[in-house]
>>> print(open('start-v5.cif').read())   # mmCIF, C-alpha atoms, pLDDT in the B column; chains and numbers go by the auth columns
data_model
#
loop_
_atom_site.group_PDB
_atom_site.id
_atom_site.type_symbol
_atom_site.label_atom_id
_atom_site.label_comp_id
_atom_site.label_asym_id
_atom_site.label_seq_id
_atom_site.Cartn_x
_atom_site.Cartn_y
_atom_site.Cartn_z
_atom_site.B_iso_or_equiv
_atom_site.auth_seq_id
_atom_site.auth_asym_id
ATOM 1 C CA MET A 1 -10.842 -12.653 -5.642 93.00 1 A
ATOM 2 C CA ARG A 2 -11.715 -9.098 -4.666 94.00 2 A
ATOM 3 C CA GLU A 3 -10.229 -5.909 -6.083 97.00 3 A
ATOM 4 C CA LEU A 4 -8.585 -3.491 -3.651 96.00 4 A
ATOM 5 C CA ASP A 5 -7.891 0.228 -3.742 95.00 5 A
ATOM 6 C CA VAL A 6 -4.884 1.712 -1.951 95.00 6 A
ATOM 7 C CA LEU A 7 -6.062 4.419 0.444 92.00 7 A
ATOM 8 C CA GLY A 8 -2.594 5.373 1.609 90.00 8 A
ATOM 9 C CA VAL A 9 0.086 4.965 4.229 92.00 9 A
ATOM 10 C CA ARG A 10 0.464 6.200 7.770 88.00 10 A
ATOM 11 C CA VAL A 11 2.671 5.640 10.803 85.00 11 A
ATOM 12 C CA GLU A 12 1.106 3.555 13.562 81.00 12 A
ATOM 13 C CA MET A 13 1.866 4.792 17.059 80.00 13 A
ATOM 14 C CA PRO A 14 3.496 4.057 19.459 81.00 14 A
ATOM 15 C CA THR A 15 5.637 1.640 17.436 82.00 15 A
ATOM 16 C CA ASN A 16 6.380 4.092 14.580 84.00 16 A
ATOM 17 C CA GLN A 17 5.550 1.218 12.216 88.00 17 A
ATOM 18 C CA PRO A 18 4.233 2.282 8.786 92.00 18 A
ATOM 19 C CA ILE A 19 0.992 0.737 7.588 92.00 19 A
ATOM 20 C CA VAL A 20 -0.677 0.696 4.173 94.00 20 A
ATOM 21 C CA LEU A 21 -4.451 0.672 4.170 93.00 21 A
ATOM 22 C CA LEU A 22 -6.318 -1.028 1.326 95.00 22 A
ATOM 23 C CA ARG A 23 -10.081 -1.018 0.819 94.00 23 A
ATOM 24 C CA GLU A 24 -12.258 -3.618 -0.855 94.00 24 A
ATOM 25 C CA ARG A 25 -13.666 -2.026 -4.022 93.00 25 A
ATOM 26 C CA GLY A 26 -17.441 -1.864 -3.788 89.00 26 A
ATOM 27 C CA GLY A 27 -17.360 -3.191 -0.235 87.00 27 A
ATOM 28 C CA GLU A 28 -16.838 -2.044 3.309 87.00 28 A
ATOM 29 C CA ARG A 29 -13.835 -4.102 4.372 91.00 29 A
ATOM 30 C CA TYR A 30 -10.334 -2.726 4.799 93.00 30 A
ATOM 31 C CA LEU A 31 -7.044 -4.595 4.766 94.00 31 A
ATOM 32 C CA PRO A 32 -4.292 -3.032 6.913 93.00 32 A
ATOM 33 C CA ILE A 33 -0.771 -4.244 6.137 94.00 33 A
ATOM 34 C CA TRP A 34 2.238 -3.271 8.254 93.00 34 A
ATOM 35 C CA ILE A 35 5.208 -2.426 6.032 94.00 35 A
ATOM 36 C CA GLY A 36 8.739 -1.041 6.146 91.00 36 A
ATOM 37 C CA ALA A 37 9.621 2.662 6.007 90.00 37 A
ATOM 38 C CA ALA A 38 11.230 2.378 2.554 90.00 38 A
ATOM 39 C CA GLU A 39 8.135 0.705 1.121 92.00 39 A
ATOM 40 C CA ALA A 40 5.884 3.303 2.803 92.00 40 A
ATOM 41 C CA THR A 41 7.895 6.020 1.074 91.00 41 A
ATOM 42 C CA ALA A 42 7.718 4.174 -2.264 92.00 42 A
ATOM 43 C CA ILE A 43 3.938 3.815 -1.989 93.00 43 A
ATOM 44 C CA ALA A 44 3.474 7.448 -0.925 91.00 44 A
ATOM 45 C CA TYR A 45 5.684 8.669 -3.803 91.00 45 A
ATOM 46 C CA ALA A 46 3.625 6.667 -6.306 92.00 46 A
ATOM 47 C CA GLN A 47 0.335 7.970 -4.922 91.00 47 A
ATOM 48 C CA GLN A 48 1.583 11.544 -5.007 90.00 48 A
ATOM 49 C CA GLY A 49 3.002 11.204 -8.509 89.00 49 A
ATOM 50 C CA VAL A 50 6.532 12.008 -7.330 89.00 50 A
ATOM 51 C CA VAL A 51 9.065 11.235 -10.051 87.00 51 A
ATOM 52 C CA PRO A 52 12.592 11.047 -8.618 87.00 52 A
ATOM 53 C CA PRO A 53 15.495 12.344 -10.719 89.00 53 A
ATOM 54 C CA ARG A 54 16.879 8.787 -10.894 91.00 54 A
ATOM 55 C CA PRO A 55 14.778 5.614 -10.665 89.00 55 A
ATOM 56 C CA LEU A 56 14.246 4.153 -7.235 90.00 56 A
ATOM 57 C CA THR A 57 14.028 0.366 -6.866 92.00 57 A
ATOM 58 C CA HIS A 58 10.348 0.022 -7.802 93.00 58 A
ATOM 59 C CA ASP A 59 10.775 2.460 -10.697 93.00 59 A
ATOM 60 C CA LEU A 60 13.766 0.437 -11.888 94.00 60 A
ATOM 61 C CA LEU A 61 11.783 -2.804 -11.766 95.00 61 A
ATOM 62 C CA LYS A 62 8.951 -1.192 -13.750 95.00 62 A
ATOM 63 C CA ASN A 63 11.491 0.015 -16.333 94.00 63 A
ATOM 64 C CA VAL A 64 13.091 -3.452 -16.595 96.00 64 A
ATOM 65 C CA ILE A 65 9.705 -5.123 -17.103 96.00 65 A
ATOM 66 C CA GLU A 66 8.858 -2.656 -19.882 95.00 66 A
ATOM 67 C CA ALA A 67 12.324 -2.901 -21.482 96.00 67 A
ATOM 68 C CA LEU A 68 11.946 -6.677 -21.666 95.00 68 A
ATOM 69 C CA GLY A 69 8.630 -6.231 -23.449 94.00 69 A
ATOM 70 C CA HIS A 70 6.456 -7.605 -20.667 95.00 70 A
ATOM 71 C CA GLU A 71 3.537 -6.328 -18.641 96.00 71 A
ATOM 72 C CA LEU A 72 2.473 -6.772 -15.042 97.00 72 A
ATOM 73 C CA VAL A 73 -1.186 -7.770 -15.371 97.00 73 A
ATOM 74 C CA GLU A 74 -2.177 -8.453 -11.744 96.00 74 A
ATOM 75 C CA VAL A 75 -0.935 -8.192 -8.211 97.00 75 A
ATOM 76 C CA ARG A 76 -2.493 -10.755 -5.903 97.00 76 A
ATOM 77 C CA ILE A 77 -2.292 -10.733 -2.134 97.00 77 A
ATOM 78 C CA VAL A 78 -2.557 -14.448 -1.558 96.00 78 A
ATOM 79 C CA ALA A 79 -1.611 -15.480 1.968 94.00 79 A
ATOM 80 C CA LEU A 80 -0.986 -14.472 5.558 94.00 80 A
ATOM 81 C CA ARG A 81 1.617 -16.656 7.238 93.00 81 A
ATOM 82 C CA ASP A 82 3.184 -15.873 10.604 92.00 82 A
ATOM 83 C CA SER A 83 1.644 -12.365 10.471 89.00 83 A
ATOM 84 C CA ILE A 84 3.307 -11.665 7.093 93.00 84 A
ATOM 85 C CA PHE A 85 1.310 -10.995 3.937 95.00 85 A
ATOM 86 C CA HIS A 86 2.502 -12.731 0.780 96.00 86 A
ATOM 87 C CA ALA A 87 1.807 -11.558 -2.755 97.00 87 A
ATOM 88 C CA THR A 88 2.177 -12.825 -6.300 97.00 88 A
ATOM 89 C CA LEU A 89 3.091 -10.738 -9.329 97.00 89 A
ATOM 90 C CA VAL A 90 1.291 -12.051 -12.417 97.00 90 A
ATOM 91 C CA PHE A 91 2.891 -11.135 -15.737 96.00 91 A
ATOM 92 C CA ASP A 92 1.684 -11.576 -19.286 93.00 92 A
ATOM 93 C CA GLY A 93 2.266 -15.115 -20.440 81.00 93 A
ATOM 94 C CA ALA A 94 0.976 -16.375 -17.065 86.00 94 A
ATOM 95 C CA ILE A 95 4.383 -15.992 -15.389 93.00 95 A
ATOM 96 C CA GLU A 96 4.019 -15.704 -11.600 96.00 96 A
ATOM 97 C CA VAL A 97 6.620 -14.387 -9.175 97.00 97 A
ATOM 98 C CA SER A 98 6.356 -14.401 -5.377 97.00 98 A
ATOM 99 C CA ALA A 99 6.784 -10.966 -3.750 96.00 99 A
ATOM 100 C CA ARG A 100 6.384 -9.087 -0.514 95.00 100 A
ATOM 101 C CA SER A 101 2.974 -7.437 -0.460 96.00 101 A
ATOM 102 C CA SER A 102 4.481 -3.980 0.113 95.00 102 A
ATOM 103 C CA ASP A 103 6.747 -4.280 -2.936 96.00 103 A
ATOM 104 C CA ALA A 104 3.877 -5.649 -5.007 97.00 104 A
ATOM 105 C CA ILE A 105 1.658 -2.706 -4.023 97.00 105 A
ATOM 106 C CA ALA A 106 4.387 -0.150 -4.800 96.00 106 A
ATOM 107 C CA LEU A 107 4.926 -1.744 -8.210 96.00 107 A
ATOM 108 C CA ALA A 108 1.179 -1.968 -8.927 97.00 108 A
ATOM 109 C CA LEU A 109 0.780 1.753 -8.262 96.00 109 A
ATOM 110 C CA ARG A 110 3.591 2.568 -10.707 95.00 110 A
ATOM 111 C CA THR A 111 2.205 0.350 -13.456 95.00 111 A
ATOM 112 C CA GLY A 112 -1.509 0.964 -12.942 95.00 112 A
ATOM 113 C CA THR A 113 -2.015 -2.724 -12.223 97.00 113 A
ATOM 114 C CA THR A 114 -5.064 -4.122 -10.446 97.00 114 A
ATOM 115 C CA ILE A 115 -4.518 -5.332 -6.883 98.00 115 A
ATOM 116 C CA LEU A 116 -6.553 -8.390 -5.885 97.00 116 A
ATOM 117 C CA VAL A 117 -6.924 -10.309 -2.645 96.00 117 A
ATOM 118 C CA GLU A 118 -8.100 -13.857 -2.032 92.00 118 A
ATOM 119 C CA ASP A 119 -11.653 -13.873 -0.619 92.00 119 A
ATOM 120 C CA SER A 120 -10.625 -16.140 2.256 93.00 120 A
ATOM 121 C CA LEU A 121 -7.746 -13.815 3.162 94.00 121 A
ATOM 122 C CA LEU A 122 -10.038 -10.775 3.196 92.00 122 A
ATOM 123 C CA ASP A 123 -12.450 -12.766 5.399 91.00 123 A
ATOM 124 C CA GLU A 124 -9.574 -13.620 7.764 92.00 124 A
ATOM 125 C CA ALA A 125 -7.644 -10.342 7.927 92.00 125 A
ATOM 126 C CA GLY A 126 -10.083 -7.726 6.647 91.00 126 A
ATOM 127 C CA VAL A 127 -11.669 -5.218 8.970 90.00 127 A
ATOM 128 C CA ALA A 128 -15.258 -4.126 8.362 86.00 128 A
ATOM 129 C CA ILE A 129 -15.899 -0.482 9.123 78.00 129 A
ATOM 130 C CA ALA A 130 -19.460 0.456 9.953 67.00 130 A
ATOM 131 C CA HIS A 131 -21.186 3.387 8.269 59.00 131 A
ATOM 132 C CA GLU A 132 -20.817 5.614 11.331 57.00 132 A
ATOM 133 C CA GLU A 133 -17.052 5.092 11.103 57.00 133 A
ATOM 134 C CA ASP A 134 -16.939 6.417 7.529 58.00 134 A
ATOM 135 C CA ASP A 135 -16.200 9.898 8.919 63.00 135 A
ATOM 136 C CA GLU A 136 -12.995 8.499 10.418 63.00 136 A
ATOM 137 C CA VAL A 137 -12.033 7.084 7.019 63.00 137 A
ATOM 138 C CA GLU A 138 -12.728 10.481 5.420 66.00 138 A
ATOM 139 C CA ARG A 139 -10.515 12.193 8.014 64.00 139 A
ATOM 140 C CA PHE A 140 -7.825 9.603 7.268 65.00 140 A
ATOM 141 C CA ARG A 141 -8.056 10.473 3.559 63.00 141 A
ATOM 142 C CA GLU A 142 -7.736 14.180 4.402 62.00 142 A
ATOM 143 C CA PHE A 143 -4.693 13.330 6.515 61.00 143 A
ATOM 144 C CA LEU A 144 -3.202 11.446 3.569 61.00 144 A
ATOM 145 C CA ASP A 145 -3.751 14.467 1.330 60.00 145 A
ATOM 146 C CA GLN A 146 -1.575 16.538 3.649 60.00 146 A
ATOM 147 C CA VAL A 147 1.180 14.049 4.439 58.00 147 A
ATOM 148 C CA SER A 148 4.227 13.717 2.218 59.00 148 A
ATOM 149 C CA ALA A 149 6.537 10.791 1.602 56.00 149 A
ATOM 150 C CA GLU A 150 9.317 12.584 3.482 59.00 150 A
ATOM 151 C CA ASP A 151 7.207 12.298 6.641 56.00 151 A
ATOM 152 C CA PHE A 152 8.037 8.576 6.658 55.00 152 A
ATOM 153 C CA ASP A 153 11.797 8.955 6.280 55.00 153 A
ATOM 154 C CA ASN A 154 12.499 9.524 9.985 52.00 154 A
ATOM 155 C CA PRO A 155 9.297 9.157 12.009 48.00 155 A
ATOM 156 C CA GLY A 156 9.466 10.728 15.420 49.00 156 A
ATOM 157 C CA GLU A 157 11.763 13.599 14.439 50.00 157 A
ATOM 158 C CA PRO A 158 10.473 17.141 14.943 45.00 158 A
ATOM 159 C CA GLY A 159 8.274 18.168 12.036 45.00 159 A
ATOM 160 C CA GLN A 160 7.489 14.582 11.079 44.00 160 A
ATOM 161 C CA THR A 161 3.917 13.322 10.948 42.00 161 A
ATOM 162 C CA GLU A 162 3.617 10.833 13.768 41.00 162 A
ATOM 163 C CA ILE A 163 0.059 9.819 14.405 38.00 163 A
ATOM 164 C CA TRP A 164 -3.407 9.505 13.023 41.00 164 A
ATOM 165 C CA PRO A 165 -5.788 10.865 14.039 40.00 165 A
ATOM 166 C CA PRO A 166 -4.092 14.084 15.137 42.00 166 A
ATOM 167 C CA VAL A 167 -4.189 14.684 18.878 38.00 167 A
ATOM 168 C CA PRO A 168 -5.978 17.928 19.795 44.00 168 A
ATOM 169 C CA ASP A 169 -3.793 20.524 21.506 42.00 169 A
#
>>> encode(input="start-v5.cif", output="structure tokens")
Amino acid sequence: MRELDVLGVRVEMPTNQPIVLLRERGGERYLPIWIGAAEATAIAYAQQGVVPPRPLTHDLLKNVIEALGHELVEVRIVALRDSIFHATLVFDGAIEVSARSSDAIALALRTGTTILVEDSLLDEAGVAIAHEEDDEVERFREFLDQVSAEDFDNPGEPGQTEIWPPVPD
């Protein structure tokens, strides 16, 4: 299994479909996963350190896990079936629970849990980015630094971030 870092979320055009981009730690492969708008917001909030006044769903789950005296020890992205990524939450005591990859990523970010991917899955669905394309990745990171979670609430509305990379005027 390979460890992944979450680079961030963006809205893919023209479909307005949010995507989370993960990168192989110590490698050059990326794993793009299309997700829902609510999960994109949850991931963006976690990356930005946004603490809502009342717990959102992923915050609530984190609180329940802690209140029950357990710990999420790993998030594994384990399969791609019918264009859908599947994940497993691994808790202390070797308890495993199936989850959507987007929910698993949002929870991992809140708990500081390692995200892993099966080698064969990264071979199948990963995208290698050549060195000359690293500038594009850096521009994507800069874009992520300027985008907020609210930009994913209603993509396409005036004032909402719609595309990456930005189109020159």
>>> residues_around(input="start-v5.cif", residues="Leu89 (chain A)", least_positions_apart="3", cutoff="6 Å", atoms="only C-alpha atoms", output="ChimeraX atom specification")
/A:75,96-97
>>> residues_around(input="start-v5.cif", residues="Ile115 (chain A)", least_positions_apart="4", cutoff="10 Å", atoms="only C-alpha atoms", output="PyMOL selection string")
chain A and resi 1-6+22+24+73-77+87+89+104-105+108-109
>>> resolve_selection(input="start-v5.cif", expression="the PyMOL selection byres ((chain A and resi 46-51) around 10)", output="number ranges by chain")
A: 6-9, 40-45, 52-56, 58-59, 105-111, 144-145, 147-149
>>> residues_around(input="start-v5.cif", residues="Val78 (chain A)", least_positions_apart="6", cutoff="7 Å", atoms="all atoms listed in the file", output="list in words")
His86, Ala87, Thr88, Val117 and Glu118 of chain A
>>> write_last_selection(input="start-v5.cif", atoms="C-alpha atoms", output="PDB file, in the coordinates of the input")
ATOM      1  CA  HIS A  86       2.502 -12.731   0.780  1.00 96.00           C
ATOM      2  CA  ALA A  87       1.807 -11.558  -2.755  1.00 97.00           C
ATOM      3  CA  THR A  88       2.177 -12.825  -6.300  1.00 97.00           C
ATOM      4  CA  VAL A 117      -6.924 -10.309  -2.645  1.00 96.00           C
ATOM      5  CA  GLU A 118      -8.100 -13.857  -2.032  1.00 92.00           C
TER       6      GLU A 118
END
>>> atom_distance(input="start-v5.cif", atom1="CA of Ser102 (chain A)", atom2="CA of Gly36 (chain A)")
7.9 Å
>>> axis_aligned_box(input="start-v5.cif", around="region 66-81 of chain A", padding_each_side="4 Å", output="lines of an AutoDock Vina configuration file")
center_x = 4.9
center_y = -9.7
center_z = -8.1
size_x = 22.9
size_y = 22.0
size_z = 38.7
>>> residues_around(input="start-v5.cif", residues="Trp34 (chain A)", least_positions_apart="4", cutoff="9 Å", atoms="all atoms listed in the file", output="ChimeraX atom specification")
/A:12,17-21,84-85,102
>>> atom_distance(input="start-v5.cif", atom1="CA of Asn16 (chain A)", atom2="CA of Ala79 (chain A)")
24.6 Å
>>> atom_distance(input="start-v5.cif", atom1="CA of Ala125 (chain A)", atom2="CA of Ala94 (chain A)")
27.1 Å
>>> closest_residue(input="start-v5.cif", among="A:Leu80, A:Thr57, A:Arg10, A:Arg23", to="Ala37 (chain A)", atoms="only C-alpha atoms")
A:Arg10
>>> closest_residue(input="start-v5.cif", among="A:Ser98, A:Leu72, A:Asn63, A:Arg81", to="Thr113 (chain A)", atoms="all atoms listed in the file")
A:Leu72
